[in-house]
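Student: Contents of run-v5.tsv (TSV, C-alpha atoms (C1' of nucleotides)) are below:
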```
chain	number	residue	atom	x	y	z
C	1	MET	CA	-20.25	194.68	-31.04
C	2	LYS	CA	-22.15	191.85	-32.62
C	3	LEU	CA	-23.80	191.28	-35.94
C	4	SER	CA	-27.16	189.55	-35.65
C	5	LYS	CA	-28.09	186.43	-37.60
C	6	ARG	CA	-30.52	188.61	-39.47
C	7	GLY	CA	-27.67	190.85	-40.55
C	8	GLU	CA	-25.40	187.96	-41.35
C	9	TYR	CA	-28.02	186.13	-43.42
C	10	GLY	CA	-28.89	189.30	-45.25
C	11	LEU	CA	-25.28	189.97	-46.14
C	12	ARG	CA	-24.78	186.42	-47.32
C	13	ALA	CA	-27.86	186.62	-49.47
C	14	MET	CA	-26.78	189.89	-51.03
C	15	VAL	CA	-23.33	188.52	-51.75
C	16	ALA	CA	-24.91	185.45	-53.32
C	17	LEU	CA	-27.00	187.69	-55.58
C	18	ALA	CA	-23.95	189.72	-56.52
C	19	SER	CA	-21.92	186.60	-57.29
C	20	GLN	CA	-24.31	185.40	-59.97
C	21	PRO	CA	-22.66	185.02	-63.38
C	22	SER	CA	-24.99	187.63	-64.80
C	23	ALA	CA	-25.25	189.93	-61.84
C	24	ARG	CA	-28.75	191.17	-62.59
C	25	ASP	CA	-30.24	187.68	-62.73
C	26	LEU	CA	-32.77	186.82	-60.14
C	27	LEU	CA	-32.55	184.22	-57.46
C	28	GLN	CA	-35.40	182.73	-55.50
C	29	ALA	CA	-35.49	182.88	-51.73
C	30	LYS	CA	-35.59	179.08	-51.74
C	31	GLU	CA	-32.40	178.79	-53.78
C	32	ILE	CA	-30.50	181.22	-51.60
C	33	ALA	CA	-31.77	179.56	-48.45
C	34	GLU	CA	-30.57	176.15	-49.58
C	35	ARG	CA	-27.24	177.38	-50.82
C	36	GLU	CA	-26.50	179.34	-47.66
C	37	ARG	CA	-28.33	177.09	-45.21
C	38	ILE	CA	-30.76	179.70	-43.96
C	39	PRO	CA	-34.34	178.98	-42.84
C	40	VAL	CA	-36.46	179.94	-45.84
C	41	LYS	CA	-39.22	181.79	-44.07
C	42	PHE	CA	-36.76	183.78	-42.02
C	43	LEU	CA	-34.87	184.69	-45.16
C	44	GLU	CA	-38.06	185.81	-46.83
C	45	GLN	CA	-38.57	188.43	-44.14
C	46	ILE	CA	-35.03	189.61	-44.52
C	47	LEU	CA	-35.23	189.90	-48.28
C	48	LEU	CA	-38.49	191.74	-47.94
C	49	ALA	CA	-36.90	194.27	-45.61
C	50	LEU	CA	-34.05	194.76	-48.05
C	51	LYS	CA	-36.56	195.24	-50.80
C	52	ASN	CA	-38.55	197.82	-48.86
C	53	ALA	CA	-35.29	199.62	-48.18
C	54	GLY	CA	-34.72	199.85	-51.91
C	55	LEU	CA	-31.72	197.54	-52.11
C	56	LEU	CA	-33.51	194.68	-53.82
C	57	GLY	CA	-36.10	194.37	-56.51
C	58	SER	CA	-38.36	191.37	-56.95
C	59	ARG	CA	-40.74	189.62	-59.29
C	60	SER	CA	-43.69	187.81	-57.79
C	61	GLY	CA	-45.36	184.69	-59.08
C	62	ALA	CA	-44.02	181.58	-60.74
C	63	GLY	CA	-40.47	182.02	-61.96
C	64	GLY	CA	-40.10	185.08	-59.81
C	65	GLY	CA	-37.31	185.95	-57.41
C	66	TYR	CA	-35.09	188.73	-56.16
C	67	TYR	CA	-32.44	190.83	-57.89
C	68	LEU	CA	-30.19	193.68	-56.89
C	69	ALA	CA	-31.95	197.01	-57.27
C	70	ARG	CA	-28.67	198.69	-58.24
C	71	SER	CA	-25.47	197.35	-59.70
C	72	ALA	CA	-23.36	195.50	-57.18
C	73	ASP	CA	-20.72	198.21	-57.04
C	74	GLN	CA	-23.33	200.68	-55.88
C	75	ILE	CA	-24.39	198.67	-52.85
C	76	THR	CA	-22.24	198.78	-49.73
C	77	LEU	CA	-22.25	196.44	-46.78
C	78	GLY	CA	-22.94	199.43	-44.55
C	79	GLN	CA	-26.26	200.02	-46.26
C	80	ILE	CA	-27.27	196.42	-45.77
C	81	VAL	CA	-26.24	196.26	-42.13
C	82	ARG	CA	-28.08	199.48	-41.31
C	83	VAL	CA	-31.29	198.14	-42.77
C	84	LEU	CA	-31.12	194.87	-40.86
C	85	ASP	CA	-29.26	195.72	-37.67
C	86	GLY	CA	-29.62	199.46	-37.27
C	87	PRO	CA	-26.87	202.03	-36.80
C	88	LEU	CA	-23.20	201.06	-36.97
C	89	ALA	CA	-22.25	203.19	-33.98
C	90	PRO	CA	-21.50	201.38	-30.71
C	91	ILE	CA	-23.36	204.10	-28.78
C	92	ARG	CA	-26.10	206.34	-30.01
C	93	CYS	CA	-24.36	209.58	-29.10
C	94	VAL	CA	-21.81	208.97	-31.88
C	95	SER	CA	-24.26	207.84	-34.52
C	96	LYS	CA	-24.56	210.05	-37.58
C	97	VAL	CA	-27.92	208.65	-38.62
C	98	ALA	CA	-29.52	207.87	-35.27
C	99	TYR	CA	-27.94	210.35	-32.91
C	100	GLU	CA	-29.24	210.58	-29.38
C	101	PRO	CA	-27.68	212.47	-26.49
C	102	CYS	CA	-26.09	210.40	-23.74
C	103	ALA	CA	-25.97	211.08	-20.04
C	104	CYS	CA	-22.62	212.83	-19.81
C	105	PRO	CA	-22.73	216.54	-18.85
C	106	ASP	CA	-20.67	217.72	-21.82
C	107	GLU	CA	-20.34	215.55	-24.89
C	108	ASN	CA	-17.35	217.42	-26.19
C	109	THR	CA	-15.26	216.58	-23.16
C	110	CYS	CA	-16.51	213.01	-22.81
C	111	GLY	CA	-13.44	210.88	-23.43
C	112	LEU	CA	-15.40	207.72	-23.90
C	113	ARG	CA	-17.47	209.36	-26.58
C	114	LEU	CA	-14.39	210.47	-28.47
C	115	VAL	CA	-13.01	206.94	-28.53
C	116	MET	CA	-16.32	205.44	-29.55
C	117	LEU	CA	-16.54	207.99	-32.33
C	118	ASP	CA	-13.23	206.64	-33.60
C	119	VAL	CA	-14.62	203.13	-33.42
C	120	ARG	CA	-17.78	204.03	-35.25
C	121	ASN	CA	-15.69	205.77	-37.94
C	122	ALA	CA	-13.37	202.80	-38.27
C	123	ILE	CA	-16.32	200.47	-38.78
C	124	SER	CA	-17.94	202.85	-41.20
C	125	ASP	CA	-14.71	203.31	-43.14
C	126	ILE	CA	-14.79	199.63	-43.91
C	127	LEU	CA	-18.47	198.83	-44.30
C	128	ASP	CA	-19.45	201.99	-46.14
C	129	GLN	CA	-16.53	201.61	-48.55
C	130	THR	CA	-16.87	197.91	-49.26
C	131	THR	CA	-19.31	197.08	-52.01
C	132	LEU	CA	-20.74	193.73	-52.97
C	133	VAL	CA	-18.35	193.73	-55.92
C	134	ASP	CA	-15.42	194.12	-53.57
C	135	VAL	CA	-16.55	191.13	-51.56
C	136	ALA	CA	-17.01	188.99	-54.64
C	137	ARG	CA	-13.61	190.08	-55.94
C	138	ARG	CA	-11.87	189.14	-52.73
C	139	VAL	CA	-13.34	185.70	-52.89
C	140	GLU	CA	-12.04	185.34	-56.43
C	141	LEU	CA	-8.57	186.48	-55.43
C	142	VAL	CA	-8.36	183.89	-52.70
C	143	ARG	CA	-9.66	181.19	-54.99
C	144	VAL	CA	-7.07	181.96	-57.66
C	145	ALA	CA	-4.28	182.09	-55.11
C	146	LYS	CA	-5.26	178.69	-53.82
C	147	ALA	CA	-5.30	177.20	-57.31
C	148	ASP	CA	-1.59	177.90	-57.65
P	256	MET	CA	-22.45	196.58	-33.34
P	257	LYS	CA	-23.65	197.89	-30.03
P	258	LEU	CA	-22.08	198.42	-26.67
P	259	SER	CA	-24.37	197.42	-23.80
P	260	LYS	CA	-25.18	199.72	-20.89
P	261	ARG	CA	-23.16	197.33	-18.78
P	262	GLY	CA	-20.16	197.94	-20.98
P	263	GLU	CA	-20.74	201.66	-21.13
P	264	TYR	CA	-21.15	202.03	-17.38
P	265	GLY	CA	-18.10	199.91	-16.75
P	266	LEU	CA	-16.00	202.02	-19.07
P	267	ARG	CA	-17.23	205.23	-17.49
P	268	ALA	CA	-16.45	203.92	-14.03
P	269	MET	CA	-12.95	202.88	-15.02
P	270	VAL	CA	-12.28	206.24	-16.62
P	271	ALA	CA	-13.54	207.93	-13.47
P	272	LEU	CA	-11.14	205.86	-11.40
P	273	ALA	CA	-8.28	206.69	-13.74
P	274	SER	CA	-9.09	210.39	-13.67
P	275	GLN	CA	-8.63	210.70	-9.92
P	276	PRO	CA	-5.95	213.19	-8.95
P	277	SER	CA	-3.97	210.43	-7.32
P	278	ALA	CA	-4.72	207.63	-9.70
P	279	ARG	CA	-4.42	204.84	-7.17
P	280	ASP	CA	-6.94	206.38	-4.78
P	281	LEU	CA	-10.10	204.48	-4.20
P	282	LEU	CA	-13.60	205.48	-5.07
P	283	GLN	CA	-16.78	204.05	-3.68
P	284	ALA	CA	-19.43	202.57	-5.89
P	285	LYS	CA	-21.85	205.13	-4.51
P	286	GLU	CA	-19.64	208.05	-5.49
P	287	ILE	CA	-19.11	206.77	-9.00
P	288	ALA	CA	-22.77	206.03	-9.40
P	289	GLU	CA	-23.78	209.53	-8.42
P	290	ARG	CA	-21.15	211.21	-10.51
P	291	GLU	CA	-21.97	209.19	-13.62
P	292	ARG	CA	-25.68	208.76	-12.98
P	293	ILE	CA	-25.64	204.98	-12.87
P	294	PRO	CA	-27.94	202.85	-10.69
P	295	VAL	CA	-25.79	201.91	-7.69
P	296	LYS	CA	-26.71	198.27	-7.40
P	297	PHE	CA	-26.21	197.71	-11.09
P	298	LEU	CA	-22.85	199.37	-10.90
P	299	GLU	CA	-21.87	197.17	-7.97
P	300	GLN	CA	-22.29	194.09	-10.13
P	301	ILE	CA	-20.24	195.61	-12.87
P	302	LEU	CA	-17.39	196.62	-10.58
P	303	LEU	CA	-17.45	193.17	-9.07
P	304	ALA	CA	-17.07	191.60	-12.48
P	305	LEU	CA	-14.16	193.89	-13.26
P	306	LYS	CA	-12.62	192.97	-9.96
P	307	ASN	CA	-12.98	189.24	-10.58
P	308	ALA	CA	-11.38	189.79	-13.96
P	309	GLY	CA	-8.37	191.30	-12.23
P	310	LEU	CA	-8.80	194.85	-13.48
P	311	LEU	CA	-9.91	196.32	-10.18
P	312	GLY	CA	-8.91	195.88	-6.57
P	313	SER	CA	-11.13	196.72	-3.64
P	314	ARG	CA	-11.25	197.27	0.07
P	315	SER	CA	-14.33	196.14	1.94
P	316	GLY	CA	-15.88	197.70	4.97
P	317	ALA	CA	-16.30	201.27	6.06
P	318	GLY	CA	-14.09	203.65	4.13
P	319	GLY	CA	-13.58	200.99	1.48
P	320	GLY	CA	-13.92	201.30	-2.24
P	321	TYR	CA	-12.42	200.30	-5.57
P	322	TYR	CA	-9.10	201.10	-7.16
P	323	LEU	CA	-7.34	200.18	-10.39
P	324	ALA	CA	-5.50	196.90	-10.03
P	325	ARG	CA	-2.79	198.11	-12.42
P	326	SER	CA	-1.64	201.54	-13.39
P	327	ALA	CA	-4.01	203.28	-15.78
P	328	ASP	CA	-1.64	203.01	-18.72
P	329	GLN	CA	-1.67	199.23	-18.38
P	330	ILE	CA	-5.43	198.90	-18.73
P	331	THR	CA	-6.98	199.07	-22.19
P	332	LEU	CA	-10.58	199.66	-23.14
P	333	GLY	CA	-10.50	196.37	-25.00
P	334	GLN	CA	-9.86	194.47	-21.79
P	335	ILE	CA	-12.78	196.16	-20.09
P	336	VAL	CA	-15.19	195.64	-22.95
P	337	ARG	CA	-14.30	191.96	-23.23
P	338	VAL	CA	-15.03	191.41	-19.57
P	339	LEU	CA	-18.40	193.10	-19.71
P	340	ASP	CA	-19.63	192.55	-23.25
P	341	GLY	CA	-17.68	189.58	-24.54
P	342	PRO	CA	-15.58	189.34	-27.70
P	343	LEU	CA	-15.02	192.37	-29.91
P	344	ALA	CA	-15.56	190.45	-33.13
P	345	PRO	CA	-18.84	191.01	-34.98
P	346	ILE	CA	-19.07	187.30	-35.77
P	347	ARG	CA	-17.56	184.46	-33.83
P	348	CYS	CA	-15.68	182.97	-36.77
P	349	VAL	CA	-13.32	185.97	-36.75
P	350	SER	CA	-12.82	186.14	-33.01
P	351	LYS	CA	-9.31	185.50	-31.76
P	352	VAL	CA	-10.42	184.72	-28.22
P	353	ALA	CA	-13.79	183.08	-28.76
P	354	TYR	CA	-13.49	181.52	-32.20
P	355	GLU	CA	-16.27	179.29	-33.44
P	356	PRO	CA	-16.72	177.96	-36.96
P	357	CYS	CA	-19.55	179.42	-39.01
P	358	ALA	CA	-21.79	177.74	-41.54
P	359	CYS	CA	-19.86	178.54	-44.72
P	360	PRO	CA	-18.24	175.57	-46.53
P	361	ASP	CA	-14.78	177.11	-46.66
P	362	GLU	CA	-13.84	179.87	-44.28
P	363	ASN	CA	-10.85	180.93	-46.33
P	364	THR	CA	-12.95	181.76	-49.34
P	365	CYS	CA	-15.82	183.31	-47.41
P	366	GLY	CA	-15.83	186.93	-48.51
P	367	LEU	CA	-18.03	188.06	-45.69
P	368	ARG	CA	-15.67	186.56	-43.18
P	369	LEU	CA	-12.71	188.40	-44.67
P	370	VAL	CA	-14.48	191.73	-44.38
P	371	MET	CA	-15.63	191.04	-40.84
P	372	LEU	CA	-12.09	190.12	-39.94
P	373	ASP	CA	-11.06	193.58	-41.10
P	374	VAL	CA	-13.79	195.08	-38.96
P	375	ARG	CA	-12.80	193.11	-35.92
P	376	ASN	CA	-9.17	194.17	-36.43
P	377	ALA	CA	-10.14	197.80	-36.86
P	378	ILE	CA	-12.07	197.73	-33.60
P	379	SER	CA	-9.31	195.91	-31.81
P	380	ASP	CA	-6.69	198.32	-33.18
P	381	ILE	CA	-8.47	201.08	-31.35
P	382	LEU	CA	-9.75	199.48	-28.19
P	383	ASP	CA	-6.72	197.33	-27.48
P	384	GLN	CA	-4.38	200.27	-28.02
P	385	THR	CA	-6.29	202.87	-26.06
P	386	THR	CA	-5.55	202.89	-22.36
P	387	LEU	CA	-7.37	204.66	-19.58
P	388	VAL	CA	-4.56	207.20	-19.56
P	389	ASP	CA	-5.16	207.94	-23.23
P	390	VAL	CA	-8.81	208.60	-22.55
P	391	ALA	CA	-8.08	210.89	-19.63
P	392	ARG	CA	-5.47	212.71	-21.68
P	393	ARG	CA	-7.87	213.33	-24.54
P	394	VAL	CA	-10.34	214.87	-22.17
P	395	GLU	CA	-7.64	217.17	-20.87
P	396	LEU	CA	-6.63	218.21	-24.36
P	397	VAL	CA	-10.17	219.18	-25.23
P	398	ARG	CA	-10.59	221.03	-21.97
P	399	VAL	CA	-7.43	223.05	-22.53
P	400	ALA	CA	-8.38	223.84	-26.10
P	401	LYS	CA	-11.75	225.14	-24.96
P	402	ALA	CA	-10.17	227.34	-22.31
P	403	ASP	CA	-8.42	229.34	-25.01
L	28	DC	C1'	-20.49	197.20	18.81
L	29	DT	C1'	-22.03	199.95	15.04
L	30	DA	C1'	-21.93	201.77	10.69
L	31	DA	C1'	-20.39	201.64	6.15
L	32	DA	C1'	-18.82	199.53	2.62
L	33	DT	C1'	-18.05	195.39	-0.58
L	34	DC	C1'	-19.54	190.70	-1.94
L	35	DC	C1'	-22.74	187.42	-3.79
L	36	DT	C1'	-26.84	185.41	-5.65
L	37	DA	C1'	-31.39	185.21	-7.05
L	38	DC	C1'	-35.09	187.19	-9.26
L	39	DT	C1'	-37.85	190.03	-12.65
L	40	DA	C1'	-39.66	192.87	-16.29
L	41	DA	C1'	-38.78	194.41	-20.77
L	42	DT	C1'	-36.76	193.90	-24.98
L	43	DT	C1'	-34.62	191.70	-28.75
L	44	DC	C1'	-33.55	187.72	-31.45
L	45	DT	C1'	-34.57	183.86	-34.16
L	46	DG	C1'	-37.39	181.87	-36.04
L	47	DT	C1'	-42.63	179.49	-37.40
L	48	DA	C1'	-47.06	179.75	-39.41
L	49	DG	C1'	-50.56	180.81	-42.45
L	50	DG	C1'	-52.48	182.83	-45.84
L	51	DA	C1'	-53.24	186.88	-49.42
L	52	DA	C1'	-51.65	188.69	-53.66
L	53	DT	C1'	-49.36	188.19	-57.97
L	54	DA	C1'	-47.82	186.23	-62.15
L	55	DC	C1'	-46.37	182.43	-65.23
L	56	DT	C1'	-47.84	178.08	-67.89
L	57	DC	C1'	-50.91	175.35	-70.04
X	65	DG	C1'	-59.32	180.25	-66.74
X	66	DA	C1'	-57.17	176.72	-63.66
X	67	DG	C1'	-53.33	175.39	-61.39
X	68	DT	C1'	-48.98	176.29	-59.59
X	69	DA	C1'	-45.15	178.79	-57.93
X	70	DT	C1'	-43.54	182.55	-56.02
X	71	DT	C1'	-43.41	186.95	-53.38
X	72	DC	C1'	-45.77	189.72	-49.82
X	73	DC	C1'	-47.48	190.65	-45.22
X	74	DT	C1'	-48.58	190.04	-40.49
X	75	DA	C1'	-49.00	187.76	-36.32
X	76	DC	C1'	-47.28	184.88	-33.03
X	77	DA	C1'	-43.92	182.20	-29.92
X	78	DG	C1'	-40.05	180.50	-27.48
X	79	DA	C1'	-35.44	181.55	-26.08
X	80	DA	C1'	-31.91	184.59	-24.94
X	81	DT	C1'	-30.21	188.86	-23.46
X	82	DT	C1'	-30.44	193.20	-21.12
X	83	DA	C1'	-31.02	196.24	-17.49
X	84	DG	C1'	-31.87	196.45	-13.63
X	85	DT	C1'	-33.98	195.28	-8.23
X	86	DA	C1'	-33.72	193.07	-3.92
X	87	DG	C1'	-31.87	191.28	0.04
X	88	DG	C1'	-28.78	189.84	2.79
X	89	DA	C1'	-23.90	187.89	4.06
X	90	DT	C1'	-19.32	189.46	4.84
X	91	DT	C1'	-15.67	192.55	5.96
X	92	DT	C1'	-13.47	196.41	8.15
X	93	DA	C1'	-12.84	201.20	10.32
X	94	DG	C1'	-13.64	203.69	14.22
```
Can you dump the structure from the file as structure tokens?

Tutor:
Amino acid sequence: MKLSKRGEYGLRAMVALASQPSARDLLQAKEIAERERIPVKFLEQILLALKNAGLLGSRSGAGGGYYLARSADQITLGQIVRVLDGPLAPIRCVSKVAYEPCACPDENTCGLRLVMLDVRNAISDILDQTTLVDVARRVELVRVAKAD
Amino acid sequence: MKLSKRGEYGLRAMVALASQPSARDLLQAKEIAERERIPVKFLEQILLALKNAGLLGSRSGAGGGYYLARSADQITLGQIVRVLDGPLAPIRCVSKVAYEPCACPDENTCGLRLVMLDVRNAISDILDQTTLVDVARRVELVRVAKAD
DNA sequence: CTAAATCCTACTAATTCTGTAGGAATACTC
DNA sequence: GAGTATTCCTACAGAATTAGTAGGATTTAG
């Protein structure tokens, strides 16, 4: 039930990119790494994976960096987590994307499977519905509330 | 976001114990292992852990075995998973039982943390509410429906 | 006493996780 | 075109975790 560092760093980076004043601006790996305290070279790999998955775009060379491939309200946390940590489902036999049969004789009467399906759906309901904009907005809400 | 084999096997074993005709009857590790296709020695370790956690009781010696330490409606899947796989929370900074601070400067304005808190609560809402009886009952419901 | 079971601990092989390292390729600036 | 800054790509490494195996000590029924 755990999110890897890879997944966590990737999410933080994506949120950082979405929280830019002008959301399509690019950020360098180095900047993100410093801001979020992530080892640069590790972050590079992560950003690269996100790029190859089509969630990020990039510009090489001096003055280059990364930017969101789509607008922030079109990118969900579920997409990011799947790229970096694999399927959301706690067991493969309830995964929509990476289904694999489990050992039980009949999946339809496997009680455990039914519960885990609920779990996988509960996780998906959150992560596949929450976009980077939603995350940024929540941060703003809290910040405003605290200013009172 | 994954349940280990250890956790899965443990859950299956507990469900098996709860699904006995007379729910307080004991089952031997060997029986459970065969029925659920789990390596016996591995299962032994798991049952032992569940016993030390107070979820199972046992009788040693010939004719011995394991039994539920409490009635099946007093044992939740959440309890079992925590024993075998640790905290439910996807990141430690949102764990109720095993809290640890994360790297972000202010946890209250960390958007990622807020979302992960939702996830951890969604998981807990299911696993801490679902008892072994609930699982057994769901299996029955499906079985009856199929018989029609 | 013997057999059958749990109890307990140590070990191992494989995999995954969390990075490091080094350089190739690309593009901006002068 | 040279120099510099950045992404891109791959390989490697140490640590941790996972999924068992192994072997015997202990307990109890018959």

Student: Which neighbours of DT43 of chain L fall inside 9 Å, counting all atoms listed in the file, when residues of the same chain fewer than 4 positions from it are skipped, and could you give them as a PyMOL selection string?

Tutor: chain X and resi 80-82

Student: Mind doing a quick least-squares superposition of chain C onto chain P, all C-alpha atoms paired one-to-one in order, and writing it out as a compact mmCIF listing (two decimals) with C-alpha atoms, in the coordinates of the input?

Tutor:
```
# COMPACT_ATOMS: atom_id res chain seq x y z
CA MET C 1 -22.46 196.60 -33.37
CA LYS C 2 -23.65 197.93 -30.06
CA LEU C 3 -22.10 198.46 -26.69
CA SER C 4 -24.38 197.45 -23.83
CA LYS C 5 -25.21 199.72 -20.91
CA ARG C 6 -23.20 197.35 -18.80
CA GLY C 7 -20.18 197.96 -20.99
CA GLU C 8 -20.76 201.67 -21.15
CA TYR C 9 -21.18 202.03 -17.38
CA GLY C 10 -18.12 199.92 -16.76
CA LEU C 11 -16.01 202.04 -19.07
CA ARG C 12 -17.24 205.23 -17.49
CA ALA C 13 -16.46 203.92 -14.05
CA MET C 14 -12.97 202.87 -15.04
CA VAL C 15 -12.30 206.24 -16.63
CA ALA C 16 -13.56 207.94 -13.48
CA LEU C 17 -11.14 205.87 -11.40
CA ALA C 18 -8.29 206.70 -13.75
CA SER C 19 -9.11 210.41 -13.67
CA GLN C 20 -8.63 210.69 -9.92
CA PRO C 21 -5.93 213.19 -8.95
CA SER C 22 -3.94 210.42 -7.33
CA ALA C 23 -4.71 207.61 -9.71
CA ARG C 24 -4.41 204.82 -7.16
CA ASP C 25 -6.94 206.36 -4.79
CA LEU C 26 -10.08 204.46 -4.21
CA LEU C 27 -13.59 205.46 -5.06
CA GLN C 28 -16.77 204.02 -3.65
CA ALA C 29 -19.42 202.53 -5.89
CA LYS C 30 -21.83 205.11 -4.48
CA GLU C 31 -19.61 208.03 -5.47
CA ILE C 32 -19.10 206.77 -8.99
CA ALA C 33 -22.78 206.01 -9.37
CA GLU C 34 -23.76 209.54 -8.38
CA ARG C 35 -21.12 211.20 -10.47
CA GLU C 36 -21.95 209.19 -13.58
CA ARG C 37 -25.66 208.75 -12.93
CA ILE C 38 -25.63 204.97 -12.83
CA PRO C 39 -27.94 202.83 -10.67
CA VAL C 40 -25.79 201.89 -7.68
CA LYS C 41 -26.71 198.25 -7.39
CA PHE C 42 -26.22 197.69 -11.08
CA LEU C 43 -22.83 199.35 -10.89
CA GLU C 44 -21.86 197.16 -7.98
CA GLN C 45 -22.30 194.07 -10.13
CA ILE C 46 -20.25 195.60 -12.87
CA LEU C 47 -17.41 196.60 -10.58
CA LEU C 48 -17.45 193.16 -9.07
CA ALA C 49 -17.08 191.58 -12.50
CA LEU C 50 -14.18 193.88 -13.27
CA LYS C 51 -12.63 192.94 -9.98
CA ASN C 52 -12.98 189.22 -10.60
CA ALA C 53 -11.39 189.77 -13.99
CA GLY C 54 -8.39 191.28 -12.26
CA LEU C 55 -8.82 194.84 -13.50
CA LEU C 56 -9.91 196.31 -10.19
CA GLY C 57 -8.92 195.85 -6.60
CA SER C 58 -11.15 196.67 -3.66
CA ARG C 59 -11.26 197.22 0.07
CA SER C 60 -14.34 196.10 1.93
CA GLY C 61 -15.86 197.68 5.00
CA ALA C 62 -16.23 201.26 6.11
CA GLY C 63 -14.04 203.61 4.12
CA GLY C 64 -13.56 200.96 1.50
CA GLY C 65 -13.92 201.26 -2.25
CA TYR C 66 -12.43 200.28 -5.57
CA TYR C 67 -9.09 201.09 -7.19
CA LEU C 68 -7.36 200.17 -10.40
CA ALA C 69 -5.50 196.88 -10.07
CA ARG C 70 -2.79 198.11 -12.44
CA SER C 71 -1.65 201.56 -13.42
CA ALA C 72 -4.01 203.29 -15.80
CA ASP C 73 -1.64 203.01 -18.73
CA GLN C 74 -1.68 199.25 -18.40
CA ILE C 75 -5.44 198.91 -18.75
CA THR C 76 -6.99 199.08 -22.20
CA LEU C 77 -10.59 199.66 -23.14
CA GLY C 78 -10.52 196.37 -25.01
CA GLN C 79 -9.89 194.48 -21.80
CA ILE C 80 -12.80 196.17 -20.11
CA VAL C 81 -15.22 195.65 -22.97
CA ARG C 82 -14.32 191.97 -23.25
CA VAL C 83 -15.05 191.40 -19.59
CA LEU C 84 -18.43 193.11 -19.72
CA ASP C 85 -19.66 192.56 -23.26
CA GLY C 86 -17.70 189.59 -24.55
CA PRO C 87 -15.62 189.37 -27.71
CA LEU C 88 -15.03 192.40 -29.92
CA ALA C 89 -15.57 190.46 -33.14
CA PRO C 90 -18.85 191.04 -35.00
CA ILE C 91 -19.07 187.30 -35.76
CA ARG C 92 -17.58 184.46 -33.82
CA CYS C 93 -15.69 182.98 -36.75
CA VAL C 94 -13.32 185.98 -36.72
CA SER C 95 -12.85 186.16 -32.98
CA LYS C 96 -9.34 185.52 -31.71
CA VAL C 97 -10.45 184.75 -28.17
CA ALA C 98 -13.82 183.11 -28.75
CA TYR C 99 -13.50 181.54 -32.16
CA GLU C 100 -16.28 179.33 -33.41
CA PRO C 101 -16.72 177.97 -36.92
CA CYS C 102 -19.54 179.44 -38.99
CA ALA C 103 -21.74 177.74 -41.52
CA CYS C 104 -19.83 178.54 -44.69
CA PRO C 105 -18.22 175.55 -46.48
CA ASP C 106 -14.74 177.07 -46.61
CA GLU C 107 -13.79 179.87 -44.25
CA ASN C 108 -10.81 180.90 -46.29
CA THR C 109 -12.91 181.73 -49.32
CA CYS C 110 -15.77 183.30 -47.38
CA GLY C 111 -15.77 186.92 -48.48
CA LEU C 112 -17.99 188.06 -45.68
CA ARG C 113 -15.63 186.56 -43.16
CA LEU C 114 -12.67 188.39 -44.64
CA VAL C 115 -14.44 191.73 -44.37
CA MET C 116 -15.62 191.06 -40.85
CA LEU C 117 -12.08 190.13 -39.92
CA ASP C 118 -11.04 193.59 -41.08
CA VAL C 119 -13.78 195.09 -38.96
CA ARG C 120 -12.82 193.13 -35.90
CA ASN C 121 -9.18 194.18 -36.41
CA ALA C 122 -10.13 197.81 -36.85
CA ILE C 123 -12.09 197.76 -33.60
CA SER C 124 -9.32 195.94 -31.82
CA ASP C 125 -6.69 198.33 -33.15
CA ILE C 126 -8.48 201.11 -31.35
CA LEU C 127 -9.77 199.50 -28.18
CA ASP C 128 -6.74 197.34 -27.48
CA GLN C 129 -4.39 200.28 -28.02
CA THR C 130 -6.31 202.89 -26.06
CA THR C 131 -5.56 202.90 -22.36
CA LEU C 132 -7.39 204.67 -19.59
CA VAL C 133 -4.57 207.21 -19.55
CA ASP C 134 -5.16 207.95 -23.21
CA VAL C 135 -8.82 208.61 -22.55
CA ALA C 136 -8.08 210.89 -19.63
CA ARG C 137 -5.47 212.73 -21.69
CA ARG C 138 -7.86 213.34 -24.54
CA VAL C 139 -10.34 214.87 -22.18
CA GLU C 140 -7.63 217.18 -20.88
CA LEU C 141 -6.62 218.21 -24.38
CA VAL C 142 -10.16 219.18 -25.26
CA ARG C 143 -10.59 221.05 -22.01
CA VAL C 144 -7.42 223.08 -22.56
CA ALA C 145 -8.36 223.84 -26.14
CA LYS C 146 -11.72 225.13 -25.01
CA ALA C 147 -10.15 227.37 -22.38
CA ASP C 148 -8.38 229.33 -25.10
```

Student: Given the choices C:Arg37, C:Arg70, C:Lys146, C:Arg92, which gets closest to Thr131 of chain C if the distance is worked out from all atoms listed in the file?

Tutor: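 Of C:Arg37, C:Arg70, C:Lys146, C:Arg92, the one nearest Thr131 of chain C, counting all atoms listed in the file, is C:Arg70.
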
Student: Kindly give the distance, in Å, that separates atom C1' of DT47 of chain L and atom CA of Lys41 of chain C, rounded to a single decimal.

Tutor: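 Here the two named atoms are 7.8 Å from each other.
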
Student: Find, counting all atoms listed in the file, the residue in P:Ala344, P:Leu302, P:Ile330, P:Val295 that gets nearest to chain X.

Tutor: P:Val295

Student: Enumerate as a PyMOL selection string the residues belonging to chain L that approach chain C to within 10 Å, with all atoms listed in the file taken into account.

Tutor: chain L and resi 44-48+52-56

Student: Give me, as a ChimeraX atom specification, the residues of chain C touching chain P, with the criterion being at most 7 Å (counting only C-alpha atoms).

Tutor: /C:1-3,88-91,109-112,119,122-123,126,135-136,138-139,142-143

Student: Would you pick out the contacts of segment 37-39 of chain L at 9 Å or less, using all atoms listed in the file, so that residues sharing its chain but fewer than 2 positions from it are not included, and give the list as an MDAnalysis selection string?

Tutor: chainID X and resid 84:86

Student: What are the residues of chain X lining chain P at 7 Å or less? Count only C-alpha atoms (C1' of nucleotides), and put the answer as a list in words.

Tutor: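 Putting it all together, I get DG84, DT91, DT92 and DA93 of chain X.
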